[in-house]
file upload_23.txt (compact mmCIF, C-alpha atoms and all ligand atoms)
# COMPACT_ATOMS: atom_id res chain seq x y z
CA MET A 6 -31.36 8.25 -10.54
CA TRP A 7 -31.71 6.65 -7.11
CA SER A 8 -28.90 4.23 -6.36
CA PHE A 9 -29.04 1.64 -3.62
CA ARG A 10 -25.28 1.60 -3.44
CA ALA A 11 -25.00 5.35 -2.94
CA TRP A 12 -27.82 5.31 -0.39
CA ARG A 13 -26.16 2.53 1.57
CA ARG A 14 -22.84 4.36 1.56
CA ARG A 15 -24.47 7.53 2.83
CA ARG A 16 -26.19 5.59 5.58
CA ILE A 17 -22.95 3.94 6.75
CA LEU A 18 -21.13 7.29 6.71
CA ALA A 19 -23.94 9.01 8.63
CA ARG A 20 -23.90 6.31 11.30
CA GLN A 21 -20.14 6.41 11.79
CA PRO A 22 -19.08 10.04 11.75
CA ILE A 23 -15.42 10.86 12.39
CA THR A 24 -14.98 13.76 14.77
CA PRO A 25 -12.51 16.49 13.73
CA PRO A 26 -10.08 15.68 16.63
CA THR A 27 -10.07 11.99 15.64
CA TRP A 28 -9.27 12.77 12.03
CA ALA A 29 -6.65 15.33 13.09
CA GLU A 30 -4.86 12.57 15.01
CA VAL A 31 -5.03 10.22 12.02
CA ARG A 32 -3.54 12.97 9.85
CA ARG A 33 -0.80 13.61 12.41
CA ARG A 34 0.21 9.96 12.20
CA LEU A 35 0.19 9.91 8.41
CA PRO A 36 2.49 12.54 6.87
CA LEU A 37 2.16 10.71 3.55
CA LEU A 38 -1.36 12.13 3.22
CA ASP A 39 0.08 15.66 3.26
CA GLY A 40 -0.43 17.30 -0.08
CA LEU A 41 -3.77 15.68 -0.90
CA SER A 42 -6.37 18.19 -2.01
CA ASP A 43 -9.30 18.89 0.31
CA SER A 44 -11.64 16.88 -1.86
CA GLU A 45 -9.19 13.96 -2.04
CA GLU A 46 -8.78 14.03 1.71
CA GLN A 47 -12.54 14.09 2.23
CA ARG A 48 -12.93 11.15 -0.15
CA LEU A 49 -10.17 9.21 1.60
CA ARG A 50 -11.79 9.83 4.96
CA GLU A 51 -15.09 8.43 3.74
CA ARG A 52 -13.42 5.46 2.11
CA ALA A 53 -11.58 4.69 5.34
CA VAL A 54 -14.92 4.48 7.15
CA LEU A 55 -16.40 2.26 4.42
CA PHE A 56 -13.27 0.07 4.47
CA LEU A 57 -13.67 -0.54 8.20
CA HIS A 58 -17.35 -1.26 7.70
CA GLY A 59 -16.55 -3.96 5.14
CA LYS A 60 -13.46 -5.54 6.71
CA HIS A 61 -12.91 -7.27 10.00
CA LEU A 62 -9.73 -6.29 11.83
CA SER A 63 -8.74 -9.27 14.01
CA ALA A 64 -6.25 -8.28 16.69
CA ARG A 65 -4.24 -11.21 18.04
CA PRO A 66 -3.38 -11.17 21.77
CA GLY A 67 -0.85 -8.44 22.40
CA VAL A 68 -2.43 -5.99 19.93
CA GLU A 69 -4.85 -3.41 21.28
CA LEU A 70 -6.63 -1.34 18.66
CA ASP A 71 -8.60 1.82 19.22
CA ALA A 72 -10.71 3.71 16.71
CA ILE A 73 -7.82 5.93 15.66
CA ASP A 74 -5.53 2.94 15.07
CA CYS A 75 -8.17 1.35 12.84
CA LEU A 76 -8.74 4.54 10.87
CA THR A 77 -4.99 5.06 10.45
CA LEU A 78 -4.68 1.61 8.93
CA ALA A 79 -7.77 2.05 6.75
CA ALA A 80 -6.67 5.44 5.38
CA GLN A 81 -3.37 3.91 4.20
CA ALA A 82 -5.21 0.94 2.74
CA GLU A 83 -7.46 3.23 0.71
CA LEU A 84 -4.76 5.63 -0.48
CA PRO A 85 -3.75 3.46 -3.47
CA LEU A 86 -7.40 3.22 -4.58
CA LEU A 87 -8.16 6.90 -4.13
CA HIS A 88 -8.69 7.36 -7.87
CA LEU A 89 -9.81 3.80 -8.56
CA ALA A 90 -12.86 3.71 -6.34
CA GLU A 91 -15.45 2.22 -8.58
CA LEU A 92 -13.38 -0.89 -9.27
CA ASP A 93 -14.10 -2.41 -5.84
CA TRP A 94 -10.67 -3.99 -5.86
CA TYR A 95 -10.70 -4.94 -2.17
CA GLN A 96 -13.97 -6.82 -2.34
CA GLY A 97 -12.31 -10.25 -2.46
CA PHE A 98 -11.18 -10.36 1.15
CA HIS A 99 -12.80 -9.56 4.45
CA GLU A 100 -10.23 -9.91 7.15
CA ILE A 101 -7.03 -8.23 8.26
CA VAL A 102 -5.21 -10.09 11.01
CA LEU A 103 -2.84 -8.08 13.20
CA TYR A 104 0.02 -9.86 14.94
CA PRO A 105 1.89 -8.31 17.86
CA ASP A 106 5.22 -8.89 16.12
CA ASP A 107 6.86 -10.39 13.06
CA PHE A 108 5.69 -13.95 12.55
CA VAL A 109 7.30 -17.06 11.18
CA SER A 110 5.57 -18.75 8.30
CA PRO A 111 6.50 -21.77 6.23
CA GLN A 112 7.84 -20.92 2.77
CA ARG A 113 7.71 -23.17 -0.24
CA HIS A 114 9.43 -22.68 -3.55
CA ARG A 115 9.65 -25.04 -6.51
CA ASP A 116 12.76 -24.36 -8.51
CA ALA A 117 13.25 -24.75 -12.27
CA SER A 118 14.41 -28.35 -11.89
CA GLY A 119 11.23 -29.22 -9.99
CA VAL A 120 12.83 -29.46 -6.56
CA VAL A 121 10.64 -28.08 -3.80
CA HIS A 122 12.48 -26.07 -1.16
CA GLU A 123 10.83 -25.42 2.16
CA TRP A 124 11.97 -23.20 4.99
CA ASP A 125 10.63 -20.91 7.68
CA ALA A 126 10.95 -17.17 7.34
CA ALA A 127 10.08 -14.22 9.54
CA HIS A 128 7.66 -11.80 7.94
CA SER A 129 5.96 -8.62 8.92
CA GLY A 130 3.18 -9.13 6.41
CA GLU A 131 1.46 -11.65 4.20
CA ALA A 132 -1.38 -11.53 1.70
CA TRP A 133 -3.16 -14.77 0.95
CA GLN A 134 -4.56 -15.49 -2.48
CA GLN A 135 -7.93 -16.57 -1.08
CA GLY A 136 -7.97 -15.11 2.35
CA PRO A 137 -6.85 -12.49 4.76
CA VAL A 138 -4.06 -9.97 4.85
CA ILE A 139 -1.77 -10.49 7.84
CA LEU A 140 0.19 -7.57 9.24
CA ALA A 141 2.59 -7.24 12.16
CA TRP A 142 1.40 -4.30 14.20
CA PRO A 143 4.87 -2.73 14.69
CA GLY A 144 5.21 -2.63 10.90
CA VAL A 145 1.87 -0.86 10.59
CA GLN A 146 2.92 1.63 13.25
CA ALA A 147 6.19 2.30 11.41
CA SER A 148 4.26 3.06 8.21
CA GLY A 149 2.79 6.41 7.23
CA GLY A 150 5.80 8.61 6.54
CA TRP A 151 7.62 9.61 3.36
CA ASP A 152 10.45 7.15 3.84
CA GLY A 153 9.84 4.30 1.43
CA TYR A 154 8.39 1.93 3.99
CA ASN A 155 4.68 1.13 4.10
CA LEU A 156 3.65 -2.34 5.17
CA VAL A 157 -0.06 -1.71 4.55
CA ILE A 158 0.43 -0.52 0.97
CA HIS A 159 2.93 -3.33 0.32
CA GLU A 160 0.57 -6.13 1.33
CA LEU A 161 -2.44 -4.59 -0.39
CA ALA A 162 -0.40 -4.24 -3.58
CA HIS A 163 -0.03 -8.03 -3.43
CA LYS A 164 -3.82 -8.24 -3.18
CA LEU A 165 -4.17 -6.08 -6.31
CA ASP A 166 -1.61 -8.29 -8.07
CA MET A 167 -3.70 -11.35 -7.14
CA LEU A 168 -6.91 -9.98 -8.67
CA ASN A 169 -6.07 -11.72 -11.95
CA GLY A 170 -4.42 -14.89 -10.62
CA ASP A 171 -1.17 -15.63 -8.85
CA ALA A 172 0.95 -12.76 -7.58
CA ASN A 173 3.38 -12.27 -10.46
CA GLY A 174 3.86 -8.52 -10.68
CA LEU A 175 1.10 -8.03 -13.24
CA PRO A 176 -2.11 -6.65 -11.70
CA PRO A 177 -5.15 -6.05 -13.93
CA LEU A 178 -4.17 -3.05 -16.07
CA HIS A 179 -6.61 -0.41 -17.30
CA ARG A 180 -7.71 -0.54 -20.93
CA SER A 181 -5.69 2.57 -21.66
CA MET A 182 -2.50 0.75 -20.63
CA ARG A 183 -0.49 -1.76 -22.63
CA ILE A 184 0.62 -5.02 -21.07
CA SER A 185 3.72 -4.98 -23.28
CA ASP A 186 4.77 -1.55 -21.92
CA TRP A 187 4.21 -2.68 -18.35
CA ALA A 188 6.01 -6.00 -18.80
CA SER A 189 9.07 -4.58 -20.56
CA THR A 190 9.40 -1.67 -18.10
CA MET A 191 9.08 -3.83 -15.00
CA GLN A 192 11.23 -6.64 -16.37
CA SER A 193 14.13 -4.42 -17.38
CA ALA A 194 14.15 -2.56 -14.04
CA TYR A 195 13.93 -5.87 -12.17
CA ASP A 196 16.72 -7.38 -14.26
CA ALA A 197 18.91 -4.30 -13.77
CA MET A 198 18.42 -4.48 -10.02
CA ASN A 199 19.25 -8.19 -9.93
CA ALA A 200 22.32 -7.75 -12.16
CA ARG A 201 23.63 -5.09 -9.78
CA LEU A 202 23.01 -7.22 -6.72
CA ASP A 203 24.54 -10.29 -8.39
CA ALA A 204 27.68 -8.28 -9.10
CA ASP A 205 27.81 -6.97 -5.54
CA PRO A 206 25.31 -8.30 -2.98
CA HIS A 207 26.15 -5.38 -0.69
CA ALA A 208 25.77 -2.70 -3.36
CA ASP A 209 23.96 0.40 -2.18
CA SER A 210 20.48 0.34 -3.55
CA VAL A 211 18.10 3.29 -3.66
CA ILE A 212 15.19 0.86 -3.61
CA ASP A 213 15.04 -1.84 -0.91
CA ALA A 214 16.86 -4.91 -2.25
CA TYR A 215 13.88 -7.05 -1.26
CA ALA A 216 12.31 -5.87 -4.53
CA ALA A 217 14.80 -8.09 -6.37
CA GLU A 218 13.33 -11.20 -4.71
CA ASN A 219 10.78 -11.89 -7.46
CA PRO A 220 8.47 -9.87 -9.78
CA ALA A 221 5.62 -9.88 -7.23
CA GLU A 222 7.85 -8.31 -4.59
CA PHE A 223 9.18 -5.87 -7.16
CA PHE A 224 5.65 -4.61 -7.78
CA ALA A 225 4.81 -4.49 -4.04
CA VAL A 226 8.03 -2.71 -3.04
CA THR A 227 7.90 -0.21 -5.91
CA SER A 228 4.26 0.48 -5.00
CA GLU A 229 5.42 1.28 -1.46
CA TYR A 230 8.02 3.69 -2.84
CA PHE A 231 5.55 5.15 -5.33
CA PHE A 232 3.39 6.40 -2.46
CA SER A 233 5.95 6.95 0.27
CA ALA A 234 9.23 7.85 -1.49
CA PRO A 235 8.28 8.77 -5.06
CA ASP A 236 11.45 10.87 -5.45
CA LEU A 237 13.62 7.79 -4.81
CA LEU A 238 11.60 5.65 -7.18
CA VAL A 239 11.88 8.24 -9.95
CA GLU A 240 15.61 8.50 -9.32
CA ALA A 241 16.07 4.72 -9.57
CA PHE A 242 13.45 3.72 -12.16
CA PRO A 243 11.62 6.65 -13.80
CA ALA A 244 9.79 4.41 -16.27
CA VAL A 245 8.47 2.25 -13.40
CA TYR A 246 7.15 5.37 -11.69
CA ALA A 247 5.39 6.34 -14.94
CA GLN A 248 3.72 2.92 -15.26
CA LEU A 249 2.60 2.98 -11.62
CA ALA A 250 1.23 6.51 -12.11
CA LEU A 251 -0.90 5.18 -14.99
CA PHE A 252 -1.99 2.23 -12.88
CA TYR A 253 -2.82 4.07 -9.64
CA ARG A 254 -3.90 7.25 -11.49
CA GLN A 255 -2.00 9.39 -9.01
CA ASP A 256 1.14 11.51 -8.97
CA PRO A 257 2.60 11.41 -5.43
CA LEU A 258 5.85 12.97 -6.65
CA THR A 259 4.06 16.24 -7.35
CA ARG A 260 2.54 16.09 -3.86
CA LEU A 261 5.93 15.50 -2.27
CA GLN A 262 7.65 18.24 -4.29
CA ARG A 263 4.95 20.72 -3.29
CA LEU A 264 5.56 19.80 0.36
CA GLN A 265 9.30 20.10 -0.05
CA ARG A 266 8.89 23.61 -1.50
CA LEU A 267 6.64 24.49 1.41
CA GLN A 268 9.21 23.15 3.83
CA ALA A 269 11.97 25.17 2.17
CA THR A 270 10.04 28.41 2.58
CA HIS A 271 8.56 27.54 6.00
CA PRO A 272 11.34 25.90 8.02
CA ASP A 273 8.98 25.26 10.92
CA TYR A 274 6.70 23.21 8.69
CA ARG A 275 6.64 19.82 10.34
CA ALA A 276 8.99 17.12 9.20
CA THR A 277 7.42 14.82 6.69
CA SER A 278 9.48 11.77 7.46
CA LYS A 279 8.88 9.35 10.22
CA ASP A 280 11.25 6.99 11.96
CA SER A 281 10.76 3.51 10.73
CA GLN A 282 12.14 0.09 11.08
CA HIS A 283 12.82 -1.80 7.93
CA THR A 284 11.85 -5.40 8.05
CA THR A 285 11.02 -8.01 5.51
CA ASN A 286 7.48 -7.54 4.35
CA GLY A 287 6.73 -10.91 2.88
ZN ZN A 301 5.73 -8.84 -0.22
call {"tool": "encode", "arguments": {"input": "upload_23.txt", "output": "C-alpha cells", "more": "lines below"}}
Ligand SMILES: [Zn+2]
result
Amino acid sequence: MWSFRAWRRRRILARQPITPPTWAEVRRRLPLLDGLSDSEEQRLRERAVLFLHGKHLSARPGVELDAIDCLTLAAQAELPLLHLAELDWYQGFHEIVLYPDDFVSPQRHRDASGVVHEWDAAHSGEAWQQGPVILAWPGVQASGGWDGYNLVIHELAHKLDMLNGDANGLPPLHRSMRISDWASTMQSAYDAMNARLDADPHADSVIDAYAAENPAEFFAVTSEYFFSAPDLLVEAFPAVYAQLALFYRQDPLTRLQRLQRLQATHPDYRATSKDSQHTTNG
C-alpha cells in the first residue's frame, strides 16, 4: 500500500544523504553506539536525519555548529527511540536551544505546607513542558561515551516523561507493562537511594546522587545510565534496569558486555569511555 508518510521520509533521506566520512566521524564521537547491529545503526542514521529535518537547532552566540555536530546530537536523541519509532514521541516540540555554557534559571518549588521557594540554579539542560529543550553545548560535547553521563538522553527522557502530563517519573507505559510494577520498582529504588543519602550525604553512590532529587530526575538519570552505563545501573538497581528495558525495548547491557569481551580479546580495540565533566543536568 502506498504511504504518504513513507514516501515523505524517503524523499527527505534522499535529499540529505550522509557521506560515509561524515558518519564515520559521528560514530567516532559516540562510543555508546558501539555494539548496535548494522540494521539498527542504519535505522539510527536515518532517524538522525529525520530528527534534524523536524527540529530547529538554535545556537546561541558562542556556539558554532557544523553538520557533524548536529548529527552527533541527533543520533543520541534518537537512540532511546530506536525501537519505539512509530510512536512519534518527539513530535510535541520543535526546537533545541544550545547555550555556550551552563545557564542560570529561576527555580520554583512549592513545599508540602504550601510555601513557595524560589532560587536561581545553574543547569546544563532543561526540558520545558510546552516548549524547547535547552542544552549547554559543553554538556552535549561531554556526552556520547559509556560513562553514565548523557545530557541529551537526560533531557529527552524528561520530554518522554512529560508526554502524559507533568514530569513525575511516570512516562506513558506500553500496554504490556504494568503501572503498579513500574511505580513500586521506581519508588523503592528512589526511597533506598534517599535513605542512604539521608544517613550520609557524602555516601559513595554508584548512580549520580542527583537522581535522588525527585522522581522525575530519578527517571532521567537512570535513563542516562541505562544507555551509557548499564552495568552500573544493573549493579545498583537491577529491577529498575528491567523496567527501563521494557520501556525502551532495548538491552544496552548486552551491547556493552559484548564490547567488553571484544576489548578483553583485542587489547587494541579502542577505549569505549570518554572523558566527561559531570554537571547538574536540570
Ligand atoms: Zn533533569
call {"tool": "residues_around", "arguments": {"input": "upload_23.txt", "residues": "Trp94 of chain A", "least_positions_apart": "5", "cutoff": "12 Å", "atoms": "only C-alpha atoms", "output": "short mmCIF file (atom, residue, chain, number, x, y, z; two decimals) with C-alpha atoms, in the frame of the given file"}}
result
data_model
loop_
_atom_site.label_atom_id
_atom_site.label_comp_id
_atom_site.auth_asym_id
_atom_site.auth_seq_id
_atom_site.Cartn_x
_atom_site.Cartn_y
_atom_site.Cartn_z
CA PHE A 56 -13.27 0.07 4.47
CA ALA A 82 -5.21 0.94 2.74
CA GLU A 83 -7.46 3.23 0.71
CA PRO A 85 -3.75 3.46 -3.47
CA LEU A 86 -7.40 3.22 -4.58
CA LEU A 87 -8.16 6.90 -4.13
CA HIS A 88 -8.69 7.36 -7.87
CA LEU A 89 -9.81 3.80 -8.56
CA HIS A 99 -12.80 -9.56 4.45
CA LEU A 161 -2.44 -4.59 -0.39
CA ALA A 162 -0.40 -4.24 -3.58
CA HIS A 163 -0.03 -8.03 -3.43
CA LYS A 164 -3.82 -8.24 -3.18
CA LEU A 165 -4.17 -6.08 -6.31
CA ASP A 166 -1.61 -8.29 -8.07
CA MET A 167 -3.70 -11.35 -7.14
CA LEU A 168 -6.91 -9.98 -8.67
CA ASN A 169 -6.07 -11.72 -11.95
CA PRO A 176 -2.11 -6.65 -11.70
CA PRO A 177 -5.15 -6.05 -13.93
CA TYR A 253 -2.82 4.07 -9.64
#
call {"tool": "residues_near_point", "arguments": {"input": "upload_23.txt", "point": "(7.0, 12.1, -8.5)", "cutoff": "12 Å", "atoms": "all atoms listed in the file", "output": "ChimeraX atom specification"}}
result
/A:230-250,255-265
call {"tool": "residues_near_ligand", "arguments": {"input": "upload_23.txt", "ligand": "ligand ZN 301 (chain A)", "cutoff": "12 Å", "atoms": "all atoms listed in the file", "output": "PDB file with C-alpha atoms, in the coordinates of the input"}}
result
ATOM      1  CA  ALA A 127      10.080 -14.220   9.540  1.00  0.00           C
ATOM      2  CA  HIS A 128       7.660 -11.800   7.940  1.00  0.00           C
ATOM      3  CA  SER A 129       5.960  -8.620   8.920  1.00  0.00           C
ATOM      4  CA  GLY A 130       3.180  -9.130   6.410  1.00  0.00           C
ATOM      5  CA  GLU A 131       1.460 -11.650   4.200  1.00  0.00           C
ATOM      6  CA  ALA A 132      -1.380 -11.530   1.700  1.00  0.00           C
ATOM      7  CA  TRP A 133      -3.160 -14.770   0.950  1.00  0.00           C
ATOM      8  CA  VAL A 138      -4.060  -9.970   4.850  1.00  0.00           C
ATOM      9  CA  ILE A 139      -1.770 -10.490   7.840  1.00  0.00           C
ATOM     10  CA  LEU A 140       0.190  -7.570   9.240  1.00  0.00           C
ATOM     11  CA  TYR A 154       8.390   1.930   3.990  1.00  0.00           C
ATOM     12  CA  ASN A 155       4.680   1.130   4.100  1.00  0.00           C
ATOM     13  CA  LEU A 156       3.650  -2.340   5.170  1.00  0.00           C
ATOM     14  CA  VAL A 157      -0.060  -1.710   4.550  1.00  0.00           C
ATOM     15  CA  ILE A 158       0.430  -0.520   0.970  1.00  0.00           C
ATOM     16  CA  HIS A 159       2.930  -3.330   0.320  1.00  0.00           C
ATOM     17  CA  GLU A 160       0.570  -6.130   1.330  1.00  0.00           C
ATOM     18  CA  LEU A 161      -2.440  -4.590  -0.390  1.00  0.00           C
ATOM     19  CA  ALA A 162      -0.400  -4.240  -3.580  1.00  0.00           C
ATOM     20  CA  HIS A 163      -0.030  -8.030  -3.430  1.00  0.00           C
ATOM     21  CA  LYS A 164      -3.820  -8.240  -3.180  1.00  0.00           C
ATOM     22  CA  LEU A 165      -4.170  -6.080  -6.310  1.00  0.00           C
ATOM     23  CA  ASP A 166      -1.610  -8.290  -8.070  1.00  0.00           C
ATOM     24  CA  MET A 167      -3.700 -11.350  -7.140  1.00  0.00           C
ATOM     25  CA  ALA A 172       0.950 -12.760  -7.580  1.00  0.00           C
ATOM     26  CA  ASN A 173       3.380 -12.270 -10.460  1.00  0.00           C
ATOM     27  CA  GLY A 174       3.860  -8.520 -10.680  1.00  0.00           C
ATOM     28  CA  ASP A 213      15.040  -1.840  -0.910  1.00  0.00           C
ATOM     29  CA  ALA A 214      16.860  -4.910  -2.250  1.00  0.00           C
ATOM     30  CA  TYR A 215      13.880  -7.050  -1.260  1.00  0.00           C
ATOM     31  CA  ALA A 216      12.310  -5.870  -4.530  1.00  0.00           C
ATOM     32  CA  ALA A 217      14.800  -8.090  -6.370  1.00  0.00           C
ATOM     33  CA  GLU A 218      13.330 -11.200  -4.710  1.00  0.00           C
ATOM     34  CA  ASN A 219      10.780 -11.890  -7.460  1.00  0.00           C
ATOM     35  CA  PRO A 220       8.470  -9.870  -9.780  1.00  0.00           C
ATOM     36  CA  ALA A 221       5.620  -9.880  -7.230  1.00  0.00           C
ATOM     37  CA  GLU A 222       7.850  -8.310  -4.590  1.00  0.00           C
ATOM     38  CA  PHE A 223       9.180  -5.870  -7.160  1.00  0.00           C
ATOM     39  CA  PHE A 224       5.650  -4.610  -7.780  1.00  0.00           C
ATOM     40  CA  ALA A 225       4.810  -4.490  -4.040  1.00  0.00           C
ATOM     41  CA  VAL A 226       8.030  -2.710  -3.040  1.00  0.00           C
ATOM     42  CA  THR A 227       7.900  -0.210  -5.910  1.00  0.00           C
ATOM     43  CA  SER A 228       4.260   0.480  -5.000  1.00  0.00           C
ATOM     44  CA  GLU A 229       5.420   1.280  -1.460  1.00  0.00           C
ATOM     45  CA  THR A 284      11.850  -5.400   8.050  1.00  0.00           C
ATOM     46  CA  THR A 285      11.020  -8.010   5.510  1.00  0.00           C
ATOM     47  CA  ASN A 286       7.480  -7.540   4.350  1.00  0.00           C
ATOM     48  CA  GLY A 287       6.730 -10.910   2.880  1.00  0.00           C
TER      49      GLY A 287
END
call {"tool": "residues_around", "arguments": {"input": "upload_23.txt", "residues": "Arg14 of chain A", "least_positions_apart": "5", "cutoff": "9 Å", "atoms": "only C-alpha atoms", "output": "VMD selection string"}}
result
chain A and resid 9 19 55
call {"tool": "atom_distance", "arguments": {"input": "upload_23.txt", "atom1": "atom CA of Thr27 of chain A", "atom2": "atom CA of Arg50 of chain A"}}
result
11.0 Å
call {"tool": "residues_around", "arguments": {"input": "upload_23.txt", "residues": "segment 28-36 of chain A", "least_positions_apart": "5", "cutoff": "12 Å", "atoms": "only C-alpha atoms", "output": "short mmCIF file (atom, residue, chain, number, x, y, z; two decimals) with C-alpha atoms, in the frame of the given file"}}
result
data_model
loop_
_atom_site.label_atom_id
_atom_site.label_comp_id
_atom_site.auth_asym_id
_atom_site.auth_seq_id
_atom_site.Cartn_x
_atom_site.Cartn_y
_atom_site.Cartn_z
CA PRO A 22 -19.08 10.04 11.75
CA ILE A 23 -15.42 10.86 12.39
CA LEU A 41 -3.77 15.68 -0.90
CA GLU A 46 -8.78 14.03 1.71
CA GLN A 47 -12.54 14.09 2.23
CA LEU A 49 -10.17 9.21 1.60
CA ARG A 50 -11.79 9.83 4.96
CA GLU A 51 -15.09 8.43 3.74
CA ALA A 53 -11.58 4.69 5.34
CA VAL A 54 -14.92 4.48 7.15
CA ASP A 71 -8.60 1.82 19.22
CA ALA A 72 -10.71 3.71 16.71
CA ILE A 73 -7.82 5.93 15.66
CA ASP A 74 -5.53 2.94 15.07
CA CYS A 75 -8.17 1.35 12.84
CA LEU A 76 -8.74 4.54 10.87
CA THR A 77 -4.99 5.06 10.45
CA LEU A 78 -4.68 1.61 8.93
CA ALA A 79 -7.77 2.05 6.75
CA ALA A 80 -6.67 5.44 5.38
CA GLN A 81 -3.37 3.91 4.20
CA ALA A 82 -5.21 0.94 2.74
CA LEU A 84 -4.76 5.63 -0.48
CA VAL A 145 1.87 -0.86 10.59
CA GLN A 146 2.92 1.63 13.25
CA ALA A 147 6.19 2.30 11.41
CA SER A 148 4.26 3.06 8.21
CA GLY A 149 2.79 6.41 7.23
CA GLY A 150 5.80 8.61 6.54
CA TRP A 151 7.62 9.61 3.36
CA ASP A 152 10.45 7.15 3.84
CA ASN A 155 4.68 1.13 4.10
CA PHE A 232 3.39 6.40 -2.46
CA SER A 233 5.95 6.95 0.27
CA ALA A 234 9.23 7.85 -1.49
CA ARG A 260 2.54 16.09 -3.86
CA LEU A 261 5.93 15.50 -2.27
CA LEU A 264 5.56 19.80 0.36
CA TYR A 274 6.70 23.21 8.69
CA ARG A 275 6.64 19.82 10.34
CA ALA A 276 8.99 17.12 9.20
CA THR A 277 7.42 14.82 6.69
CA SER A 278 9.48 11.77 7.46
CA LYS A 279 8.88 9.35 10.22
CA ASP A 280 11.25 6.99 11.96
#
call {"tool": "atom_distance", "arguments": {"input": "upload_23.txt", "atom1": "atom CA of Ile184 of chain A", "atom2": "atom CA of Ala197 of chain A"}}
result
19.7 Å
call {"tool": "atom_distance", "arguments": {"input": "upload_23.txt", "atom1": "atom CA of Val102 of chain A", "atom2": "atom CA of Lys60 of chain A"}}
result
10.4 Å
call {"tool": "residues_around", "arguments": {"input": "upload_23.txt", "residues": "Pro105 of chain A", "least_positions_apart": "6", "cutoff": "8 Å", "atoms": "only C-alpha atoms", "output": "list in words"}}
result
Arg65, Pro66, Gly67, Val68, Ala141, Trp142 and Pro143 of chain A
call {"tool": "residues_near_point", "arguments": {"input": "upload_23.txt", "point": "(-20.8, 0.9, 5.3)", "cutoff": "9 Å", "atoms": "all atoms listed in the file", "output": "list in words"}}
result
Arg13, Arg14, Arg15, Arg16, Ile17, Leu18, Arg20, Gln21, Val54, Leu55, Phe56, Leu57, His58 and Gly59 of chain A
call {"tool": "write_last_selection", "arguments": {"input": "upload_23.txt", "atoms": "C-alpha atoms", "output": "PDB file, in the coordinates of the input"}}
result
ATOM      1  CA  ARG A  13     -26.160   2.530   1.570  1.00  0.00           C
ATOM      2  CA  ARG A  14     -22.840   4.360   1.560  1.00  0.00           C
ATOM      3  CA  ARG A  15     -24.470   7.530   2.830  1.00  0.00           C
ATOM      4  CA  ARG A  16     -26.190   5.590   5.580  1.00  0.00           C
ATOM      5  CA  ILE A  17     -22.950   3.940   6.750  1.00  0.00           C
ATOM      6  CA  LEU A  18     -21.130   7.290   6.710  1.00  0.00           C
ATOM      7  CA  ARG A  20     -23.900   6.310  11.300  1.00  0.00           C
ATOM      8  CA  GLN A  21     -20.140   6.410  11.790  1.00  0.00           C
ATOM      9  CA  VAL A  54     -14.920   4.480   7.150  1.00  0.00           C
ATOM     10  CA  LEU A  55     -16.400   2.260   4.420  1.00  0.00           C
ATOM     11  CA  PHE A  56     -13.270   0.070   4.470  1.00  0.00           C
ATOM     12  CA  LEU A  57     -13.670  -0.540   8.200  1.00  0.00           C
ATOM     13  CA  HIS A  58     -17.350  -1.260   7.700  1.00  0.00           C
ATOM     14  CA  GLY A  59     -16.550  -3.960   5.140  1.00  0.00           C
TER      15      GLY A  59
END
